[in-house]
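Listing of query_19.tsv, TSV, C-alpha atoms and all ligand atoms
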```tsv
chain	number	residue	atom	x	y	z
A	1	MET	CA	-21.11	-17.53	-41.46
A	2	THR	CA	-20.00	-20.93	-40.20
A	3	ALA	CA	-19.48	-21.45	-36.46
A	4	ALA	CA	-15.70	-21.59	-36.96
A	5	ALA	CA	-15.65	-18.42	-39.06
A	6	HIS	CA	-17.85	-16.68	-36.51
A	7	GLN	CA	-15.51	-17.72	-33.70
A	8	ASN	CA	-12.55	-16.48	-35.74
A	9	ALA	CA	-14.19	-13.11	-36.34
A	10	ASN	CA	-14.65	-12.63	-32.59
A	11	ARG	CA	-11.20	-13.83	-31.69
A	12	ILE	CA	-9.16	-11.34	-29.68
A	13	GLY	CA	-5.74	-12.89	-30.19
A	14	THR	CA	-3.78	-13.47	-33.38
A	15	ASP	CA	-1.87	-16.61	-34.41
A	16	ALA	CA	1.38	-15.06	-33.21
A	17	ILE	CA	-0.14	-13.40	-30.13
A	18	PRO	CA	-2.81	-15.80	-28.84
A	19	VAL	CA	-4.75	-14.84	-25.72
A	20	ARG	CA	-4.73	-17.87	-23.43
A	21	HIS	CA	-6.97	-18.44	-20.44
A	22	MET	CA	-5.02	-19.93	-17.58
A	23	ASP	CA	-7.36	-19.52	-14.58
A	24	PHE	CA	-4.66	-20.47	-12.11
A	25	GLU	CA	-5.63	-21.37	-8.59
A	26	PHE	CA	-2.91	-21.27	-5.98
A	27	ASP	CA	-3.80	-22.96	-2.75
A	28	ASP	CA	-2.25	-22.09	0.56
A	29	SER	CA	0.04	-25.14	0.44
A	30	VAL	CA	2.46	-23.01	-1.63
A	31	PRO	CA	5.30	-22.20	0.78
A	32	THR	CA	5.75	-18.52	1.72
A	33	PHE	CA	9.34	-18.68	0.47
A	34	TRP	CA	8.47	-20.47	-2.73
A	35	PHE	CA	11.83	-19.94	-4.45
A	36	ALA	CA	14.20	-22.50	-2.95
A	37	GLY	CA	13.12	-21.42	0.54
A	38	ASP	CA	15.17	-18.29	-0.18
A	39	PRO	CA	13.60	-15.01	1.05
A	40	LEU	CA	15.64	-12.79	-1.31
A	41	ARG	CA	14.84	-14.52	-4.60
A	42	THR	CA	11.22	-15.05	-3.51
A	43	MET	CA	10.70	-11.40	-2.61
A	44	ILE	CA	12.42	-10.00	-5.73
A	45	LEU	CA	9.87	-11.81	-7.90
A	46	THR	CA	6.97	-11.23	-5.51
A	47	ALA	CA	7.69	-7.48	-5.50
A	48	LEU	CA	7.71	-7.50	-9.31
A	49	SER	CA	4.42	-9.36	-9.36
A	50	GLY	CA	2.98	-6.75	-6.98
A	51	THR	CA	3.53	-4.07	-9.64
A	52	PHE	CA	2.15	-6.12	-12.55
A	53	PRO	CA	-1.66	-5.63	-12.32
A	54	GLU	CA	-1.48	-1.81	-12.13
A	55	GLY	CA	1.61	-1.57	-14.36
A	56	GLU	CA	0.01	-3.64	-17.09
A	57	ARG	CA	-3.17	-1.57	-16.89
A	58	MET	CA	-1.00	1.49	-17.51
A	59	PHE	CA	0.55	-0.26	-20.56
A	60	MET	CA	-2.95	-0.87	-21.93
A	61	ARG	CA	-4.03	2.74	-21.37
A	62	SER	CA	-0.92	4.13	-23.06
A	63	VAL	CA	-1.48	1.99	-26.17
A	64	ARG	CA	-5.28	2.48	-26.19
A	65	HIS	CA	-4.71	6.22	-26.49
A	66	TYR	CA	-3.44	5.63	-30.04
A	67	GLN	CA	-5.57	2.61	-30.91
A	68	LYS	CA	-8.04	4.35	-33.24
A	69	ALA	CA	-5.30	6.30	-35.06
A	70	ILE	CA	-3.24	3.22	-35.97
A	71	LYS	CA	-3.00	2.98	-39.74
A	72	ASP	CA	-1.59	-0.53	-40.20
A	73	PRO	CA	-4.53	-3.02	-40.00
A	74	GLU	CA	-2.20	-5.82	-38.94
A	75	LEU	CA	-0.91	-3.68	-36.07
A	76	GLN	CA	-4.54	-2.93	-35.10
A	77	LYS	CA	-5.12	-6.66	-34.62
A	78	GLN	CA	-1.87	-7.04	-32.70
A	79	VAL	CA	-2.86	-4.20	-30.35
A	80	LYS	CA	-6.12	-5.99	-29.50
A	81	ALA	CA	-4.16	-9.17	-28.82
A	82	PHE	CA	-1.60	-7.26	-26.74
A	83	ILE	CA	-4.37	-5.77	-24.59
A	84	GLY	CA	-5.99	-9.20	-24.24
A	85	GLN	CA	-2.74	-10.81	-23.09
A	86	GLU	CA	-1.86	-8.03	-20.63
A	87	ALA	CA	-5.38	-8.08	-19.13
A	88	HIS	CA	-4.98	-11.78	-18.39
A	89	HIS	CA	-1.50	-11.29	-16.91
A	90	GLY	CA	-2.94	-8.76	-14.47
A	91	LYS	CA	-5.74	-11.14	-13.50
A	92	GLU	CA	-3.49	-14.16	-12.89
A	93	HIS	CA	-0.86	-12.16	-11.01
A	94	GLN	CA	-3.62	-10.72	-8.84
A	95	THR	CA	-4.52	-14.30	-7.84
A	96	PHE	CA	-0.89	-14.93	-6.93
A	97	ASN	CA	-0.57	-11.56	-5.13
A	98	ASP	CA	-3.72	-12.25	-3.09
A	99	MET	CA	-2.30	-15.61	-2.01
A	100	MET	CA	0.95	-13.95	-0.82
A	101	THR	CA	-1.01	-11.21	0.99
A	102	ARG	CA	-3.01	-13.92	2.80
A	103	LYS	CA	0.31	-15.35	3.96
A	104	GLY	CA	1.22	-12.04	5.59
A	105	ILE	CA	3.45	-10.67	2.79
A	106	PRO	CA	2.00	-7.19	2.07
A	107	VAL	CA	1.83	-7.34	-1.73
A	108	ASP	CA	-1.46	-5.39	-1.52
A	109	PHE	CA	0.58	-2.45	-0.25
A	110	ILE	CA	2.81	-2.55	-3.36
A	111	ASP	CA	-0.28	-2.73	-5.55
A	112	ARG	CA	-1.75	0.42	-3.96
A	113	TYR	CA	1.61	2.21	-4.03
A	114	THR	CA	2.05	1.42	-7.74
A	115	LYS	CA	-1.48	2.64	-8.48
A	116	GLU	CA	-0.84	5.98	-6.73
A	117	GLY	CA	2.60	6.40	-8.33
A	118	LEU	CA	1.30	5.75	-11.85
A	119	LYS	CA	-1.63	8.10	-11.31
A	120	ARG	CA	0.84	10.90	-10.56
A	121	ILE	CA	3.06	10.03	-13.54
A	122	GLU	CA	0.09	9.95	-15.91
A	123	LYS	CA	-0.97	13.41	-14.75
A	124	PHE	CA	2.13	15.14	-15.99
A	125	TYR	CA	3.34	12.78	-18.76
A	126	SER	CA	2.44	13.39	-22.40
A	127	PRO	CA	0.82	10.44	-24.25
A	128	GLN	CA	4.04	10.11	-26.28
A	129	ARG	CA	6.20	9.82	-23.18
A	130	LEU	CA	3.78	7.43	-21.50
A	131	LEU	CA	3.92	5.16	-24.52
A	132	ALA	CA	7.73	5.42	-24.47
A	133	LYS	CA	7.62	4.30	-20.82
A	134	THR	CA	5.52	1.31	-21.82
A	135	CYS	CA	8.05	0.46	-24.57
A	136	ALA	CA	10.90	0.71	-22.06
A	137	LEU	CA	9.14	-1.54	-19.53
A	138	GLU	CA	8.15	-3.96	-22.27
A	139	HIS	CA	11.84	-4.17	-23.18
A	140	PHE	CA	12.59	-5.08	-19.55
A	141	THR	CA	9.88	-7.71	-19.41
A	142	ALA	CA	11.02	-9.19	-22.73
A	143	LEU	CA	14.62	-9.33	-21.45
A	144	PHE	CA	13.64	-11.19	-18.30
A	145	ALA	CA	11.13	-13.36	-20.15
A	146	GLU	CA	13.56	-14.53	-22.80
A	147	LEU	CA	16.27	-15.08	-20.22
A	148	LEU	CA	13.90	-17.41	-18.39
A	149	LEU	CA	12.94	-19.24	-21.60
A	150	ALA	CA	16.60	-19.63	-22.58
A	151	HIS	CA	17.57	-20.80	-19.09
A	152	PRO	CA	14.60	-22.61	-17.57
A	153	GLU	CA	17.01	-24.00	-14.97
A	154	LEU	CA	16.72	-20.55	-13.34
A	155	ILE	CA	13.37	-21.60	-11.92
A	156	ASP	CA	14.24	-25.23	-11.15
A	157	GLU	CA	13.92	-24.45	-7.46
A	158	VAL	CA	10.61	-22.59	-7.74
A	159	ASP	CA	7.62	-24.42	-6.21
A	160	ASP	CA	5.94	-26.53	-8.91
A	161	GLN	CA	2.55	-24.81	-8.49
A	162	LEU	CA	4.08	-21.47	-9.49
A	163	LYS	CA	6.32	-22.51	-12.38
A	164	PRO	CA	3.52	-22.33	-15.00
A	165	LEU	CA	2.63	-18.76	-13.96
A	166	TRP	CA	6.14	-17.51	-14.70
A	167	VAL	CA	6.65	-19.63	-17.84
A	168	TRP	CA	3.26	-18.59	-19.32
A	169	HIS	CA	3.88	-14.89	-18.64
A	170	ALA	CA	7.39	-15.17	-20.14
A	171	ILE	CA	6.07	-16.79	-23.35
A	172	GLU	CA	3.44	-14.09	-23.87
A	173	GLU	CA	5.80	-11.20	-23.09
A	174	SER	CA	8.08	-12.57	-25.79
A	175	GLU	CA	5.17	-13.00	-28.21
A	176	HIS	CA	3.98	-9.38	-27.93
A	177	LYS	CA	7.32	-7.69	-27.29
A	178	ALA	CA	7.17	-5.58	-30.49
A	179	VAL	CA	3.56	-4.35	-30.31
A	180	ALA	CA	3.89	-1.22	-28.13
A	181	TYR	CA	7.14	-0.45	-29.91
A	182	ASP	CA	5.53	-0.62	-33.34
A	183	VAL	CA	2.71	1.67	-32.17
A	184	PHE	CA	5.33	4.11	-30.89
A	185	GLN	CA	7.26	4.03	-34.17
A	186	GLU	CA	4.13	4.55	-36.25
A	187	GLN	CA	2.52	7.23	-34.08
A	188	VAL	CA	5.40	9.04	-32.35
A	189	ASP	CA	8.67	8.03	-33.97
A	190	SER	CA	11.06	10.01	-31.77
A	191	TYR	CA	14.47	8.54	-30.94
A	192	TRP	CA	15.02	11.15	-28.20
A	193	ILE	CA	11.74	10.42	-26.37
A	194	ARG	CA	12.28	6.67	-26.70
A	195	VAL	CA	15.83	6.52	-25.29
A	196	SER	CA	15.56	9.34	-22.75
A	197	GLU	CA	12.47	7.65	-21.31
A	198	MET	CA	14.38	4.36	-21.18
A	199	ALA	CA	17.12	6.06	-19.12
A	200	VAL	CA	14.56	7.54	-16.69
A	201	THR	CA	12.64	4.27	-16.49
A	202	THR	CA	15.82	2.28	-15.79
A	203	ILE	CA	16.60	4.43	-12.76
A	204	MET	CA	13.01	4.31	-11.49
A	205	PHE	CA	12.59	0.59	-12.15
A	206	SER	CA	15.86	-0.24	-10.31
A	207	PHE	CA	15.00	2.03	-7.39
A	208	PHE	CA	11.44	0.85	-6.87
A	209	SER	CA	12.23	-2.84	-7.44
A	210	THR	CA	14.91	-2.63	-4.74
A	211	LEU	CA	12.66	-0.64	-2.40
A	212	HIS	CA	9.70	-3.02	-2.77
A	213	THR	CA	11.93	-6.07	-2.32
A	214	ALA	CA	13.38	-4.54	0.88
A	215	GLN	CA	9.85	-3.76	2.15
A	216	LEU	CA	8.72	-7.33	1.58
A	217	LEU	CA	11.88	-8.77	3.13
A	218	GLN	CA	11.29	-6.61	6.20
A	219	ALA	CA	7.70	-7.85	6.50
A	220	ALA	CA	8.87	-11.44	5.92
A	221	LYS	CA	10.97	-11.25	9.07
A	222	GLN	CA	7.73	-11.62	11.04
A	223	GLN	CA	7.10	-14.99	9.41
A	224	PRO	CA	7.39	-17.97	11.79
A	225	GLY	CA	10.63	-19.94	11.52
A	226	GLN	CA	12.61	-17.09	9.90
A	227	ARG	CA	16.33	-17.55	10.36
A	228	ARG	CA	18.59	-14.54	10.81
A	229	MET	CA	20.71	-14.31	7.64
A	230	GLY	CA	23.67	-12.09	6.86
A	231	VAL	CA	23.90	-10.13	3.61
A	232	GLY	CA	26.45	-12.62	2.20
A	233	GLN	CA	24.15	-15.53	2.87
A	234	ARG	CA	21.20	-13.68	1.35
A	235	LEU	CA	23.11	-12.93	-1.84
A	236	LYS	CA	24.42	-16.48	-2.23
A	237	GLY	CA	21.29	-17.73	-3.99
A	238	LEU	CA	21.34	-14.86	-6.47
A	239	TRP	CA	25.10	-15.10	-7.01
A	240	GLN	CA	24.79	-18.62	-8.43
A	241	HIS	CA	22.88	-17.14	-11.39
A	242	ARG	CA	25.51	-14.44	-12.08
A	243	ASP	CA	26.63	-15.72	-15.51
A	244	VAL	CA	23.08	-15.95	-16.80
A	245	LEU	CA	22.12	-12.55	-15.37
A	246	ALA	CA	25.19	-10.94	-17.00
A	247	GLU	CA	23.61	-11.67	-20.41
A	248	LEU	CA	20.94	-9.08	-19.61
A	249	GLY	CA	23.34	-6.14	-19.98
A	250	LYS	CA	24.07	-6.69	-23.68
A	251	HIS	CA	20.41	-7.04	-24.63
A	252	TYR	CA	19.43	-4.06	-22.50
A	253	LEU	CA	21.92	-1.76	-24.28
A	254	ALA	CA	20.66	-2.77	-27.74
A	255	TYR	CA	17.60	-0.57	-27.03
A	256	TYR	CA	19.73	2.58	-27.39
A	257	LYS	CA	20.69	1.82	-31.03
A	258	PRO	CA	18.84	4.11	-33.46
A	259	ASP	CA	17.81	1.12	-35.63
A	260	PHE	CA	16.77	-1.11	-32.70
A	261	HIS	CA	13.66	-3.25	-33.13
A	262	PRO	CA	12.48	-5.89	-30.60
A	263	SER	CA	12.11	-8.49	-33.37
A	264	GLN	CA	15.81	-8.27	-34.26
A	265	LYS	CA	16.16	-10.98	-31.65
A	266	ASP	CA	14.28	-13.91	-33.18
A	267	SER	CA	12.90	-15.81	-30.22
A	268	ARG	CA	10.47	-18.24	-31.87
A	269	ALA	CA	12.55	-21.30	-30.96
A	270	LEU	CA	12.68	-20.14	-27.35
A	271	ARG	CA	8.92	-19.68	-27.23
A	272	ASP	CA	8.33	-23.15	-28.71
A	273	LYS	CA	10.55	-24.59	-26.01
A	274	GLY	CA	8.61	-22.59	-23.42
A	275	LEU	CA	5.25	-23.82	-24.76
A	276	GLU	CA	6.40	-27.40	-24.54
A	277	MET	CA	7.38	-26.78	-20.93
A	278	LEU	CA	4.09	-25.01	-20.17
A	279	SER	CA	2.04	-27.84	-21.68
A	280	ARG	CA	3.63	-30.24	-19.21
A	281	TYR	CA	1.90	-28.26	-16.44
A	282	VAL	CA	-1.36	-27.09	-18.02
A	283	GLY	CA	-1.88	-29.50	-20.94
A	284	ASP	CA	-3.68	-28.19	-24.05
A	285	LYS	CA	-4.42	-24.83	-22.43
A	286	ALA	CA	-0.90	-23.85	-23.49
A	287	TYR	CA	-2.07	-23.94	-27.12
A	288	LEU	CA	-5.73	-22.87	-26.86
A	289	SER	CA	-6.63	-19.23	-27.33
A	290	VAL	CA	-9.62	-16.87	-27.48
B	301	FE	FE	2.46	-8.93	-19.06
B	302	FE	FE	3.91	-7.03	-21.91
```

Mind turning this structure into structure tokens?
Amino acid sequence: MTAAAHQNANRIGTDAIPVRHMDFEFDDSVPTFWFAGDPLRTMILTALSGTFPEGERMFMRSVRHYQKAIKDPELQKQVKAFIGQEAHHGKEHQTFNDMMTRKGIPVDFIDRYTKEGLKRIEKFYSPQRLLAKTCALEHFTALFAELLLAHPELIDEVDDQLKPLWVWHAIEESEHKAVAYDVFQEQVDSYWIRVSEMAVTTIMFSFFSTLHTAQLLQAAKQQPGQRRMGVGQRLKGLWQHRDVLAELGKHYLAYYKPDFHPSQKDSRALRDKGLEMLSRYVGDKAYLSV
């Protein structure tokens, strides 16, 4: 076997779902309110990031449960790539979360809370329903990811050190958006479980995202130099993105169609645009994979 063939045989990712190594390092010069100096937008995304390492580990477990039973060899390869990408997302977001915790924003609390909550869910959920939860959350991440790739101006005011983290994660969520879904369709194939779990997950996701954001905003009040802001002022930053955010509704609802498939929305052009943007920050790493 040639060296190249050997490397190819050991490769985790596929051409369409490459596993990239980012190895981000965020130094403490990143401002605490790294999104336009705005506590609300900063804490919405920081709270999300706090749930990623444990949430993505749950995604991996739910798919791994079916890994050996998967019949389609192509899907087998995609599952390995999916697990590889999600493992790296957890690692990089942990680096970011640790930096925010060092700054006095208790992201470590959200991480522990998510771990405990998922442990309880996994105790009484069937493997089918757990996989349906992963599919539902993967639909959410793909929605947000593709919104960001279509409207990169959304993160214009994010600190430059953090832009590549969000752009890289968005690209890879778009790349693997159909994998958990395809495993579900092959192994479970239940419209009722899929959409009922989406309804439950929507309520839980909205509730916990709001709760965690409020918890972080409360803790952020202790930060030096915090101005007192009214609700109107706090919502102003978010309100300027209202037209773009309204697009989410239509794509969210598509999930409830009986013939829905994540790939119905062809996002290759968006990902190419995202990769070009990412390469401006990290160079060739945007295209290299393992
Ligand atoms: Fe991810
Ligand atoms: Fe994902």

Please measure the separation of CA of Val30 in chain A and CA of Glu276 in chain A, giving the value in Å to one decimal.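 Computing it gives 23.7 Å between the two atoms.
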
List as a PyMOL selection string the protein and nucleic acid residues lying within 7 Å of ligand FE 302 (chain B), with all atoms listed in the file counted. chain A and resi 86+138+141+173+176-177

Selected residues written out, C-alpha atoms, as a JSON list (two decimals), keeping the file's coordinate frame:
```
[["chain", "number", "residue", "atom", "x", "y", "z"],
["A", 86, "GLU", "CA", -1.86, -8.03, -20.63],
["A", 138, "GLU", "CA", 8.15, -3.96, -22.27],
["A", 141, "THR", "CA", 9.88, -7.71, -19.41],
["A", 173, "GLU", "CA", 5.80, -11.20, -23.09],
["A", 176, "HIS", "CA", 3.98, -9.38, -27.93],
["A", 177, "LYS", "CA", 7.32, -7.69, -27.29]]
```

Could you list, with a cut-off of 10 Å and counting all atoms listed in the file, the residues of chain A near ligand FE 301 (chain B), each shown with its nearest atom pair and the distance in Å rounded to one decimal, rows sorted by chain and ascending number, as CSV?
```
residue,atom,partner,partner_atom,distance
A:Ser49,CA,B:FE301,FE,9.9
A:Phe52,CA,B:FE301,FE,7.1
A:Pro53,CA,B:FE301,FE,8.6
A:Gly55,CA,B:FE301,FE,8.8
A:Glu56,CA,B:FE301,FE,6.2
A:Arg57,CA,B:FE301,FE,9.5
A:Phe59,CA,B:FE301,FE,9.0
A:Phe82,CA,B:FE301,FE,8.8
A:Ile83,CA,B:FE301,FE,9.3
A:Gly84,CA,B:FE301,FE,9.9
A:Gln85,CA,B:FE301,FE,6.8
A:Glu86,CA,B:FE301,FE,4.7
A:Ala87,CA,B:FE301,FE,7.9
A:His88,CA,B:FE301,FE,8.0
A:His89,CA,B:FE301,FE,5.1
A:Gly90,CA,B:FE301,FE,7.1
A:His93,CA,B:FE301,FE,9.3
A:Leu137,CA,B:FE301,FE,10.0
A:Glu138,CA,B:FE301,FE,8.2
A:Thr141,CA,B:FE301,FE,7.5
A:Ala142,CA,B:FE301,FE,9.3
A:Ala145,CA,B:FE301,FE,9.8
A:Trp168,CA,B:FE301,FE,9.7
A:His169,CA,B:FE301,FE,6.1
A:Ala170,CA,B:FE301,FE,8.0
A:Ile171,CA,B:FE301,FE,9.7
A:Glu172,CA,B:FE301,FE,7.1
A:Glu173,CA,B:FE301,FE,5.7
A:Ser174,CA,B:FE301,FE,9.5
A:His176,CA,B:FE301,FE,9.0
A:Lys177,CA,B:FE301,FE,9.6
```

Deliver the residues from the most recent selection as a file, using C-alpha atoms, as a PDB file, in the frame of the given file.
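Contents of the output file again36.pdb:
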```pdb
ATOM      1  CA  SER A  49       4.420  -9.360  -9.360  1.00  0.00           C
ATOM      2  CA  PHE A  52       2.150  -6.120 -12.550  1.00  0.00           C
ATOM      3  CA  PRO A  53      -1.660  -5.630 -12.320  1.00  0.00           C
ATOM      4  CA  GLY A  55       1.610  -1.570 -14.360  1.00  0.00           C
ATOM      5  CA  GLU A  56       0.010  -3.640 -17.090  1.00  0.00           C
ATOM      6  CA  ARG A  57      -3.170  -1.570 -16.890  1.00  0.00           C
ATOM      7  CA  PHE A  59       0.550  -0.260 -20.560  1.00  0.00           C
ATOM      8  CA  PHE A  82      -1.600  -7.260 -26.740  1.00  0.00           C
ATOM      9  CA  ILE A  83      -4.370  -5.770 -24.590  1.00  0.00           C
ATOM     10  CA  GLY A  84      -5.990  -9.200 -24.240  1.00  0.00           C
ATOM     11  CA  GLN A  85      -2.740 -10.810 -23.090  1.00  0.00           C
ATOM     12  CA  GLU A  86      -1.860  -8.030 -20.630  1.00  0.00           C
ATOM     13  CA  ALA A  87      -5.380  -8.080 -19.130  1.00  0.00           C
ATOM     14  CA  HIS A  88      -4.980 -11.780 -18.390  1.00  0.00           C
ATOM     15  CA  HIS A  89      -1.500 -11.290 -16.910  1.00  0.00           C
ATOM     16  CA  GLY A  90      -2.940  -8.760 -14.470  1.00  0.00           C
ATOM     17  CA  HIS A  93      -0.860 -12.160 -11.010  1.00  0.00           C
ATOM     18  CA  LEU A 137       9.140  -1.540 -19.530  1.00  0.00           C
ATOM     19  CA  GLU A 138       8.150  -3.960 -22.270  1.00  0.00           C
ATOM     20  CA  THR A 141       9.880  -7.710 -19.410  1.00  0.00           C
ATOM     21  CA  ALA A 142      11.020  -9.190 -22.730  1.00  0.00           C
ATOM     22  CA  ALA A 145      11.130 -13.360 -20.150  1.00  0.00           C
ATOM     23  CA  TRP A 168       3.260 -18.590 -19.320  1.00  0.00           C
ATOM     24  CA  HIS A 169       3.880 -14.890 -18.640  1.00  0.00           C
ATOM     25  CA  ALA A 170       7.390 -15.170 -20.140  1.00  0.00           C
ATOM     26  CA  ILE A 171       6.070 -16.790 -23.350  1.00  0.00           C
ATOM     27  CA  GLU A 172       3.440 -14.090 -23.870  1.00  0.00           C
ATOM     28  CA  GLU A 173       5.800 -11.200 -23.090  1.00  0.00           C
ATOM     29  CA  SER A 174       8.080 -12.570 -25.790  1.00  0.00           C
ATOM     30  CA  HIS A 176       3.980  -9.380 -27.930  1.00  0.00           C
ATOM     31  CA  LYS A 177       7.320  -7.690 -27.290  1.00  0.00           C
TER      32      LYS A 177
END
```

Calculate how many Å separate CA of Trp166 in chain A from CA of Gly274 in chain A, rounding to one decimal.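 For CA of Trp166 in chain A relative to CA of Gly274 in chain A, the distance reads 10.4 Å.
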
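Considering the residues A:Ala136, A:Met43, A:Ile155, A:Val183 and counting all atoms listed in the file, Val79 in chain A has its shortest atom-to-atom contact with A:Val183.
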
Name the residues in contact with His151 in chain A at a cut-off of 12 Å, using all atoms listed in the file, excluding same-chain residues fewer than 5 positions from it; report them as a PyMOL selection string. chain A and resi 144-146+156+167+170+241+243-245+247+270-271+273-274+277

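Look at Leu211 in chain A: the protein and nucleic acid residues within 10 Å of it, using only C-alpha atoms and passing over chain neighbours fewer than 5 places away, are Ile44, Ala47, Phe205, Ser206, Leu216 and Leu217 of chain A.
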
Anything within 8 Å of (1.9, 0.5, -8.4): list those residues as a PyMOL selection string, counting only C-alpha atoms and sticking to the file's coordinates. chain A and resi 50-52+54-55+110-118

All residues 12 Å or closer to range 66-77 of chain A, only C-alpha atoms, same chain fewer than 2 positions away omitted, as a PyMOL selection string: chain A and resi 9-18+59-64+79-84+127-128+130-131+176+178-188

Taking 3 positions as the minimum chain separation for residues in the same chain, which residues sit within 10 Å of Ala36 in chain A when counting all atoms listed in the file? Answer as a list in words. Pro31, Phe33, Pro39, Leu40, Arg41, Thr42, Ile155, Asp156, Glu157, Val158, Asp159 and Gly237 of chain A

Return the single residue from A:Gln78, A:Thr46, A:Ser29, A:Ser289 that is closest to Glu175 in chain A, with distances computed using all atoms listed in the file. A:Gln78

Do you have the CA of Phe24 in chain A-CA of Thr95 in chain A distance handy?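 These two atoms are separated by 7.5 Å.
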
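For the choices A:Met100, A:Val290, A:Leu147, A:Val107, the atom-to-atom distance to His212 in chain A is smallest for A:Val107 when using all atoms listed in the file.
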